Amino acid sequence: MSSAEQRVESEAASETTRPRLLVFHSQASGRCRRVDGFLAQVLQRRANHATFAIERIDVAERPDLHERFGIDELPTLIVVDGGQMHGRIVDPAGCRAIEQLLAPWLR
């Protein structure tokens with residue numbers, strides 16, 4: 001196996017072991033855009049861009065996931081690690097609230 005193939009396999013393996021951060025949002029919502037900014041600040045400040053596999057889920061496009069995860073308000077952030085939900089926050093007020101949710105995984 002070439003080194004390029006090994007690197008691709010290694011990246012794929014790390015992708016599956018990273019916790020997933022599900023960001024339920026609506027593109028029309030100002031609150032959701034504000035929380036996107038907070039999230040970017042938290043990840044940038046602590047150099048954690050690669051810590052999570054971030055999945056932005058527009059509830060208009062994926063109502064099935066909206067129902068499955070019981071989303072009542074937007075934005076909602078959910079951490080899924082090892083196939084289990086480990087944390088949830090609805091409409092975080094700022095960076096500190098997001099840091100508290102993500103603290104177990106942040107460096």
# chains A, B, ... in the order shown; residues from 1 in each chain; ligands from 1
>>> residues_around(residues="region 34-39 of chain A", least_positions_apart="6", cutoff="10 Å", atoms="only C-alpha atoms", output="tab-separated table (two decimals) with C-alpha atoms, in the first residue's frame")
chain	number	residue	atom	x	y	z
A	23	VAL	CA	-26.06	22.24	14.01
A	25	HIS	CA	-30.50	25.85	11.73
A	45	ARG	CA	-9.83	30.46	19.74
A	56	ARG	CA	-25.15	21.83	9.41
A	74	LEU	CA	-33.51	26.94	16.31
A	75	PRO	CA	-30.59	27.01	16.48
A	76	THR	CA	-29.90	23.75	18.33
A	77	LEU	CA	-26.45	22.18	18.67
A	91	ASP	CA	-30.15	28.99	21.14
A	92	PRO	CA	-26.85	29.50	23.01
A	93	ALA	CA	-26.46	33.05	24.32
A	94	GLY	CA	-22.77	33.30	23.47
A	95	CYS	CA	-19.37	31.69	23.19
A	96	ARG	CA	-19.25	30.66	26.84
A	97	ALA	CA	-22.40	28.53	26.52
A	98	ILE	CA	-20.99	26.76	23.46
A	99	GLU	CA	-17.62	26.21	25.19
A	102	LEU	CA	-18.03	21.29	23.87
>>> closest_atom_pairs(of="region 8-67 of chain A", to="region 78-86 of chain A", cutoff="10 Å", atoms="only C-alpha atoms", output="Markdown table")
| residue | atom | partner | partner_atom | distance |
| --- | --- | --- | --- | --- |
| A:Thr16 | CA | A:Gly82 | CA | 9.1 |
| A:Thr17 | CA | A:Gly82 | CA | 7.5 |
| A:Arg18 | CA | A:Asp81 | CA | 7.3 |
| A:Pro19 | CA | A:Asp81 | CA | 4.4 |
| A:Arg20 | CA | A:Val80 | CA | 5.1 |
| A:Leu21 | CA | A:Val79 | CA | 4.7 |
| A:Leu22 | CA | A:Ile78 | CA | 5.0 |
| A:Val23 | CA | A:Ile78 | CA | 6.6 |
| A:Phe24 | CA | A:Ile78 | CA | 8.2 |
| A:Phe52 | CA | A:Val79 | CA | 8.8 |
| A:Ala53 | CA | A:Val80 | CA | 9.7 |
| A:Ile54 | CA | A:Val79 | CA | 9.4 |
| A:Glu55 | CA | A:Ile78 | CA | 9.9 |
>>> select_by_dssp(residues="chain A", states="strand (DSSP E)", output="tab-separated table (two decimals) with N, CA and C atoms, in the first residue's frame")
chain	number	residue	atom	x	y	z
A	20	ARG	N	-19.42	14.06	16.23
A	20	ARG	CA	-20.17	14.87	15.28
A	20	ARG	C	-20.87	16.00	16.02
A	21	LEU	N	-20.80	17.18	15.47
A	21	LEU	CA	-21.54	18.32	16.01
A	21	LEU	C	-22.64	18.64	15.01
A	22	LEU	N	-23.87	18.35	15.42
A	22	LEU	CA	-25.02	18.63	14.57
A	22	LEU	C	-25.52	20.02	14.88
A	23	VAL	N	-25.60	20.86	13.86
A	23	VAL	CA	-26.06	22.24	14.01
A	23	VAL	C	-27.37	22.36	13.24
A	24	PHE	N	-28.48	22.34	13.96
A	24	PHE	CA	-29.79	22.49	13.35
A	24	PHE	C	-30.06	23.98	13.21
A	25	HIS	N	-30.36	24.42	11.98
A	25	HIS	CA	-30.50	25.85	11.73
A	25	HIS	C	-31.50	26.10	10.61
A	53	ALA	N	-16.64	16.64	13.44
A	53	ALA	CA	-17.20	16.56	12.10
A	53	ALA	C	-18.51	17.35	12.19
A	54	ILE	N	-18.49	18.59	11.68
A	54	ILE	CA	-19.64	19.48	11.82
A	54	ILE	C	-20.62	19.24	10.68
A	55	GLU	N	-21.87	19.02	11.05
A	55	GLU	CA	-22.94	18.82	10.07
A	55	GLU	C	-24.00	19.89	10.30
A	56	ARG	N	-24.13	20.79	9.34
A	56	ARG	CA	-25.15	21.83	9.41
A	56	ARG	C	-26.41	21.31	8.73
A	57	ILE	N	-27.48	21.27	9.50
A	57	ILE	CA	-28.72	20.66	9.02
A	57	ILE	C	-29.81	21.73	8.95
A	58	ASP	N	-30.19	22.08	7.74
A	58	ASP	CA	-31.28	23.04	7.54
A	58	ASP	C	-32.59	22.27	7.71
A	76	THR	N	-30.18	24.78	17.33
A	76	THR	CA	-29.90	23.75	18.33
A	76	THR	C	-28.62	23.04	17.93
A	77	LEU	N	-27.71	22.90	18.89
A	77	LEU	CA	-26.45	22.18	18.67
A	77	LEU	C	-26.49	20.89	19.48
A	78	ILE	N	-26.11	19.79	18.85
A	78	ILE	CA	-26.09	18.48	19.50
A	78	ILE	C	-24.75	17.82	19.22
A	79	VAL	N	-24.11	17.28	20.26
A	79	VAL	CA	-22.87	16.52	20.10
A	79	VAL	C	-23.21	15.04	20.13
A	80	VAL	N	-22.78	14.32	19.08
A	80	VAL	CA	-22.95	12.87	19.00
A	80	VAL	C	-21.57	12.26	18.96
A	81	ASP	N	-21.28	11.39	19.93
A	81	ASP	CA	-19.97	10.74	20.01
A	81	ASP	C	-20.20	9.27	20.30
A	84	GLN	N	-23.84	8.01	20.31
A	84	GLN	CA	-24.77	8.45	21.36
A	84	GLN	C	-24.75	9.97	21.48
A	85	MET	N	-25.91	10.53	21.82
A	85	MET	CA	-26.00	11.96	22.04
A	85	MET	C	-25.40	12.28	23.41
A	86	HIS	N	-24.43	13.21	23.43
A	86	HIS	CA	-23.74	13.54	24.67
A	86	HIS	C	-24.03	14.94	25.17
A	87	GLY	N	-24.65	15.76	24.38
A	87	GLY	CA	-24.94	17.11	24.82
A	87	GLY	C	-25.81	17.83	23.83
A	88	ARG	N	-26.57	18.82	24.35
A	88	ARG	CA	-27.48	19.59	23.51
A	88	ARG	C	-27.61	20.98	24.11
A	89	ILE	N	-27.67	21.97	23.24
A	89	ILE	CA	-27.93	23.33	23.68
A	89	ILE	C	-28.83	23.99	22.65
A	90	VAL	N	-29.82	24.71	23.16
A	90	VAL	CA	-30.78	25.41	22.31
A	90	VAL	C	-30.50	26.91	22.40
>>> atom_distance(atom1="CA of Gln44 (chain A)", atom2="CA of Pro104 (chain A)")
16.4 Å
>>> decode(residues="region 34-73 of chain A", atoms="N, CA and C atoms", output="PDB file, in the first residue's frame")
ATOM      1  N   ARG A  34     -25.997  34.232  13.968  1.00  0.00           N
ATOM      2  CA  ARG A  34     -25.243  34.722  15.126  1.00  0.00           C
ATOM      3  C   ARG A  34     -24.533  33.560  15.826  1.00  0.00           C
ATOM      4  N   VAL A  35     -25.237  32.439  16.011  1.00  0.00           N
ATOM      5  CA  VAL A  35     -24.647  31.274  16.677  1.00  0.00           C
ATOM      6  C   VAL A  35     -23.537  30.667  15.827  1.00  0.00           C
ATOM      7  N   ASP A  36     -23.661  30.707  14.513  1.00  0.00           N
ATOM      8  CA  ASP A  36     -22.570  30.245  13.649  1.00  0.00           C
ATOM      9  C   ASP A  36     -21.295  31.043  13.939  1.00  0.00           C
ATOM     10  N   GLY A  37     -21.443  32.339  14.152  1.00  0.00           N
ATOM     11  CA  GLY A  37     -20.292  33.177  14.491  1.00  0.00           C
ATOM     12  C   GLY A  37     -19.694  32.806  15.836  1.00  0.00           C
ATOM     13  N   PHE A  38     -20.560  32.564  16.835  1.00  0.00           N
ATOM     14  CA  PHE A  38     -20.083  32.140  18.153  1.00  0.00           C
ATOM     15  C   PHE A  38     -19.307  30.831  18.046  1.00  0.00           C
ATOM     16  N   LEU A  39     -19.865  29.871  17.306  1.00  0.00           N
ATOM     17  CA  LEU A  39     -19.223  28.564  17.151  1.00  0.00           C
ATOM     18  C   LEU A  39     -17.860  28.714  16.482  1.00  0.00           C
ATOM     19  N   ALA A  40     -17.794  29.519  15.443  1.00  0.00           N
ATOM     20  CA  ALA A  40     -16.518  29.739  14.752  1.00  0.00           C
ATOM     21  C   ALA A  40     -15.484  30.336  15.706  1.00  0.00           C
ATOM     22  N   GLN A  41     -15.899  31.272  16.548  1.00  0.00           N
ATOM     23  CA  GLN A  41     -14.970  31.878  17.512  1.00  0.00           C
ATOM     24  C   GLN A  41     -14.440  30.845  18.500  1.00  0.00           C
ATOM     25  N   VAL A  42     -15.334  30.000  19.011  1.00  0.00           N
ATOM     26  CA  VAL A  42     -14.922  28.990  19.994  1.00  0.00           C
ATOM     27  C   VAL A  42     -13.911  28.031  19.375  1.00  0.00           C
ATOM     28  N   LEU A  43     -14.189  27.551  18.186  1.00  0.00           N
ATOM     29  CA  LEU A  43     -13.288  26.588  17.547  1.00  0.00           C
ATOM     30  C   LEU A  43     -11.969  27.235  17.151  1.00  0.00           C
ATOM     31  N   GLN A  44     -12.012  28.479  16.699  1.00  0.00           N
ATOM     32  CA  GLN A  44     -10.792  29.162  16.297  1.00  0.00           C
ATOM     33  C   GLN A  44      -9.936  29.524  17.506  1.00  0.00           C
ATOM     34  N   ARG A  45     -10.566  30.021  18.546  1.00  0.00           N
ATOM     35  CA  ARG A  45      -9.832  30.459  19.736  1.00  0.00           C
ATOM     36  C   ARG A  45      -9.025  29.320  20.337  1.00  0.00           C
ATOM     37  N   ARG A  46      -9.574  28.137  20.312  1.00  0.00           N
ATOM     38  CA  ARG A  46      -8.891  27.010  20.952  1.00  0.00           C
ATOM     39  C   ARG A  46      -8.257  26.068  19.924  1.00  0.00           C
ATOM     40  N   ALA A  47      -8.185  26.493  18.676  1.00  0.00           N
ATOM     41  CA  ALA A  47      -7.568  25.706  17.591  1.00  0.00           C
ATOM     42  C   ALA A  47      -8.147  24.305  17.507  1.00  0.00           C
ATOM     43  N   ASN A  48      -9.463  24.233  17.452  1.00  0.00           N
ATOM     44  CA  ASN A  48     -10.160  22.952  17.423  1.00  0.00           C
ATOM     45  C   ASN A  48     -10.955  22.726  16.137  1.00  0.00           C
ATOM     46  N   HIS A  49     -10.513  23.295  15.043  1.00  0.00           N
ATOM     47  CA  HIS A  49     -11.269  23.167  13.802  1.00  0.00           C
ATOM     48  C   HIS A  49     -11.470  21.724  13.366  1.00  0.00           C
ATOM     49  N   ALA A  50     -10.514  20.860  13.652  1.00  0.00           N
ATOM     50  CA  ALA A  50     -10.603  19.468  13.198  1.00  0.00           C
ATOM     51  C   ALA A  50     -11.143  18.529  14.277  1.00  0.00           C
ATOM     52  N   THR A  51     -11.549  19.070  15.414  1.00  0.00           N
ATOM     53  CA  THR A  51     -12.006  18.219  16.509  1.00  0.00           C
ATOM     54  C   THR A  51     -13.338  17.547  16.200  1.00  0.00           C
ATOM     55  N   PHE A  52     -14.225  18.262  15.537  1.00  0.00           N
ATOM     56  CA  PHE A  52     -15.567  17.764  15.270  1.00  0.00           C
ATOM     57  C   PHE A  52     -15.811  17.605  13.778  1.00  0.00           C
ATOM     58  N   ALA A  53     -16.644  16.645  13.438  1.00  0.00           N
ATOM     59  CA  ALA A  53     -17.203  16.559  12.096  1.00  0.00           C
ATOM     60  C   ALA A  53     -18.506  17.352  12.186  1.00  0.00           C
ATOM     61  N   ILE A  54     -18.494  18.587  11.675  1.00  0.00           N
ATOM     62  CA  ILE A  54     -19.640  19.475  11.822  1.00  0.00           C
ATOM     63  C   ILE A  54     -20.617  19.236  10.683  1.00  0.00           C
ATOM     64  N   GLU A  55     -21.874  19.022  11.053  1.00  0.00           N
ATOM     65  CA  GLU A  55     -22.936  18.823  10.072  1.00  0.00           C
ATOM     66  C   GLU A  55     -23.996  19.887  10.298  1.00  0.00           C
ATOM     67  N   ARG A  56     -24.128  20.787   9.337  1.00  0.00           N
ATOM     68  CA  ARG A  56     -25.153  21.834   9.409  1.00  0.00           C
ATOM     69  C   ARG A  56     -26.411  21.306   8.734  1.00  0.00           C
ATOM     70  N   ILE A  57     -27.484  21.271   9.503  1.00  0.00           N
ATOM     71  CA  ILE A  57     -28.722  20.664   9.023  1.00  0.00           C
ATOM     72  C   ILE A  57     -29.807  21.728   8.953  1.00  0.00           C
ATOM     73  N   ASP A  58     -30.187  22.077   7.744  1.00  0.00           N
ATOM     74  CA  ASP A  58     -31.278  23.038   7.539  1.00  0.00           C
ATOM     75  C   ASP A  58     -32.590  22.272   7.713  1.00  0.00           C
ATOM     76  N   VAL A  59     -33.383  22.704   8.685  1.00  0.00           N
ATOM     77  CA  VAL A  59     -34.595  21.946   9.010  1.00  0.00           C
ATOM     78  C   VAL A  59     -35.603  21.960   7.872  1.00  0.00           C
ATOM     79  N   ALA A  60     -35.533  22.947   6.988  1.00  0.00           N
ATOM     80  CA  ALA A  60     -36.433  22.967   5.833  1.00  0.00           C
ATOM     81  C   ALA A  60     -36.087  21.855   4.848  1.00  0.00           C
ATOM     82  N   GLU A  61     -34.795  21.494   4.796  1.00  0.00           N
ATOM     83  CA  GLU A  61     -34.343  20.455   3.874  1.00  0.00           C
ATOM     84  C   GLU A  61     -34.399  19.061   4.486  1.00  0.00           C
ATOM     85  N   ARG A  62     -34.311  18.956   5.808  1.00  0.00           N
ATOM     86  CA  ARG A  62     -34.291  17.654   6.479  1.00  0.00           C
ATOM     87  C   ARG A  62     -35.289  17.597   7.649  1.00  0.00           C
ATOM     88  N   PRO A  63     -36.578  17.694   7.370  1.00  0.00           N
ATOM     89  CA  PRO A  63     -37.568  17.636   8.455  1.00  0.00           C
ATOM     90  C   PRO A  63     -37.552  16.294   9.193  1.00  0.00           C
ATOM     91  N   ASP A  64     -37.064  15.236   8.540  1.00  0.00           N
ATOM     92  CA  ASP A  64     -36.984  13.927   9.190  1.00  0.00           C
ATOM     93  C   ASP A  64     -36.014  13.969  10.369  1.00  0.00           C
ATOM     94  N   LEU A  65     -34.872  14.631  10.200  1.00  0.00           N
ATOM     95  CA  LEU A  65     -33.910  14.746  11.302  1.00  0.00           C
ATOM     96  C   LEU A  65     -34.419  15.706  12.374  1.00  0.00           C
ATOM     97  N   HIS A  66     -35.122  16.725  11.945  1.00  0.00           N
ATOM     98  CA  HIS A  66     -35.736  17.671  12.881  1.00  0.00           C
ATOM     99  C   HIS A  66     -36.652  16.913  13.839  1.00  0.00           C
ATOM    100  N   GLU A  67     -37.460  16.029  13.300  1.00  0.00           N
ATOM    101  CA  GLU A  67     -38.382  15.230  14.129  1.00  0.00           C
ATOM    102  C   GLU A  67     -37.635  14.177  14.940  1.00  0.00           C
ATOM    103  N   ARG A  68     -36.689  13.502  14.328  1.00  0.00           N
ATOM    104  CA  ARG A  68     -35.943  12.429  15.001  1.00  0.00           C
ATOM    105  C   ARG A  68     -35.224  12.916  16.251  1.00  0.00           C
ATOM    106  N   PHE A  69     -34.645  14.114  16.178  1.00  0.00           N
ATOM    107  CA  PHE A  69     -33.893  14.658  17.313  1.00  0.00           C
ATOM    108  C   PHE A  69     -34.749  15.556  18.209  1.00  0.00           C
ATOM    109  N   GLY A  70     -36.024  15.690  17.915  1.00  0.00           N
ATOM    110  CA  GLY A  70     -36.925  16.464  18.759  1.00  0.00           C
ATOM    111  C   GLY A  70     -36.562  17.936  18.833  1.00  0.00           C
ATOM    112  N   ILE A  71     -36.283  18.525  17.688  1.00  0.00           N
ATOM    113  CA  ILE A  71     -35.890  19.930  17.647  1.00  0.00           C
ATOM    114  C   ILE A  71     -37.138  20.805  17.714  1.00  0.00           C
ATOM    115  N   ASP A  72     -37.213  21.626  18.773  1.00  0.00           N
ATOM    116  CA  ASP A  72     -38.351  22.527  18.960  1.00  0.00           C
ATOM    117  C   ASP A  72     -38.004  23.967  18.624  1.00  0.00           C
ATOM    118  N   GLU A  73     -36.731  24.339  18.809  1.00  0.00           N
ATOM    119  CA  GLU A  73     -36.286  25.706  18.557  1.00  0.00           C
ATOM    120  C   GLU A  73     -34.984  25.684  17.775  1.00  0.00           C
TER     121      GLU A  73
END
